[in-house]
Amino acid sequence: MILFAYLRSLVSMLLVASVGMRIPPTANADEGPYCGIYAAYGAAAAVGVRGSFESLLDRRFVSGLSGSTVSDLVNAAKHLGVDAAPLAGLGVASLFESRDPLILHVASFGQLEAYNHWLLFLGIESGKARTVDSTGSMHLMNVSELLARWDGVGIAVFTGSEPRTRFGSIELVAIGWWALLVVIAVGVAVLLVKRVRTAGVRESFTGSLVLATTAMLLIAVREVYSASSLSRNPDCVRFISAAVGLRNLPELSLEEVIPFTKRQDAAVIFDVRYAGDMNYGHIPGAVGLPMNSTQEEVAAAVETIPRDKTIILYCQSSGCGFSDRMAVVLTSFGFTDIRIYRDGWVGWEEGFALSAKPQVSGNSQ
Amino acid sequence: MNRITRSSIQYWLHRAVSVGIAGVLFWSGVEHLKNPFAFLTSILRYRIIDGDLATVLAATLPVLQTTLAAMMVLGVSRRLTTVCATLLLSVFTAVQLSALLRGLEIGCGCFGAANDVPITTWTVSRVALLALFGWAAYVLDCERSTAADKITNHQTCSVQPFPETRTA
């Protein structure tokens, strides 16, 4: 028990000591530098302390244009009248066991290029993560998607002297259980291989058998029993592949897009430029889905669309990357047939200017 | 007697290096098991293998790492696991070097997302040094066995995963 307590405090100390130094000021480019203080304000409210949000609009809590640092947010929490502890090296076990609000250091919605956002996590409900993103309302997110966007850094917000959740112990116990499982699996594999080993078989071969048997046993156990295994979250794997840019999305030419504008049941065309841009014209039948939409807005826009429906995305011109980013977002919602009209609105206008007037409709669907 | 003393020093040196490498492998494996999705992202960022293969690798590699670590610490198939761990570290060195030469500005993905650092000559040298230690451990073990075999007239440098061995 003494050893365990010592290890627990050592892990907690390491977790806390390592985090503050490495996390740069963090902000979402689309939402400005305030995601951190929104999360701190929300976390304080979640533990029953209502402060003044306006008082957080201060350089002490948003120390740069690029957003808040870990210590900014710890100070912000203290300013609101609650305490906060920075943590690092957290994993899925901490998410499931957490009884305190956590401000998580994540990648922005729809991308995995950098961890540049703070997101409020409020626990697990029906196997999904309860999250609040900046000014948005509470959203139930797949744990796998959250894990894909999270770097394991968080700030626990609590009242009293210490968090209700012992994150150090949780991680230590999770590691301990895995180590025990591995040792047992090695033991079982050794016994199995010894039993079937026959005379004349090379010793290196039996050693390889032990290694392979153990690994297979453990992989099977993990893939069957862990809700956060890769094989049980194919949507998330698709999202990661798309976000890292390895999934080559089909691109359409102007001639290939035109038939879809005439048969609108064949595909849904999304205009992903900023909302105001649609007023200057858009492809007939296109639906506005601005790139700066929140997760809730995207969820509402795609709620009734079957996930196997063809989705066509376009933005301003071939130099605009919004379509690719929105493709990643829609992949995370489970859409499997996403195509990009790369030339965008400029290509559409120019294409029609050569033959006839562009077919501009007044309103989106 | 002198030979035995040297042999025991070699044995303990081998054990120390093995346990050190096992510790690194176990830490790395456990960090990846905590968040397999972040590990998958790290693998894909190297742009060496595609989605399906990367998914299989992300699911199996951390398990393999922790298994190897446990076998090394427990002394099961000592020489084989040393060779496997060293090969693994050599592959890590090669892929990091390849990313560095291709100018990819990515994290090394060595110890999970929270501990990620960009690939530099330091990260490459770090893992290369570990691989070198692995080979040294293998050579030490071989030499020790050879010395012991000379005394006991046993076979030299054969892989012995279990204490007792049957012969035909």
# chains A, B, ... in the order shown; residues from 1 in each chain; ligands from 1

$ select_by_dssp --residues "range 184-353 of chain A" --states "helix (DSSP H, G or I)" --output "PyMOL selection string"
chain A and resi 184-196+203-225+230-232+234-244+254-262+275-280+295-302+322-332+344-353

$ interface_residues --of "chain B" --to "chain A" --cutoff "8 Å" --atoms "only C-alpha atoms" --output "ChimeraX atom specification"
/B:30-31,34-38,40-41,44-45,47,50-51,55,59-60,63-64,66-68,70-71,76-77,80,112-115,158-161,166-168

$ residues_around --residues "Trp348 in chain A" --least-positions-apart "4" --cutoff "7 Å" --atoms "only C-alpha atoms" --output "ChimeraX atom specification"
/A:254,344,352

$ select_by_dssp --residues "range 4-230 of chain A" --states "strand (DSSP E)" --output "PyMOL selection string"
chain A and resi 83-87+102-107+115-125+128-132+138-142+150-158

$ atom_distance --atom1 "CA of Val224 in chain A" --atom2 "CA of Asp52 in chain B"
18.8 Å

$ atom_distance --atom1 "CA of Gln65 in chain B" --atom2 "CA of Glu105 in chain B"
25.4 Å

$ atom_distance --atom1 "CA of Gly134 in chain B" --atom2 "CA of Ser90 in chain B"
9.4 Å

$ closest_residue --among "A:Ala300, A:Val346, A:Ala267, A:Ala114" --to "Ser42 in chain B" --atoms "only C-alpha atoms"
A:Ala114
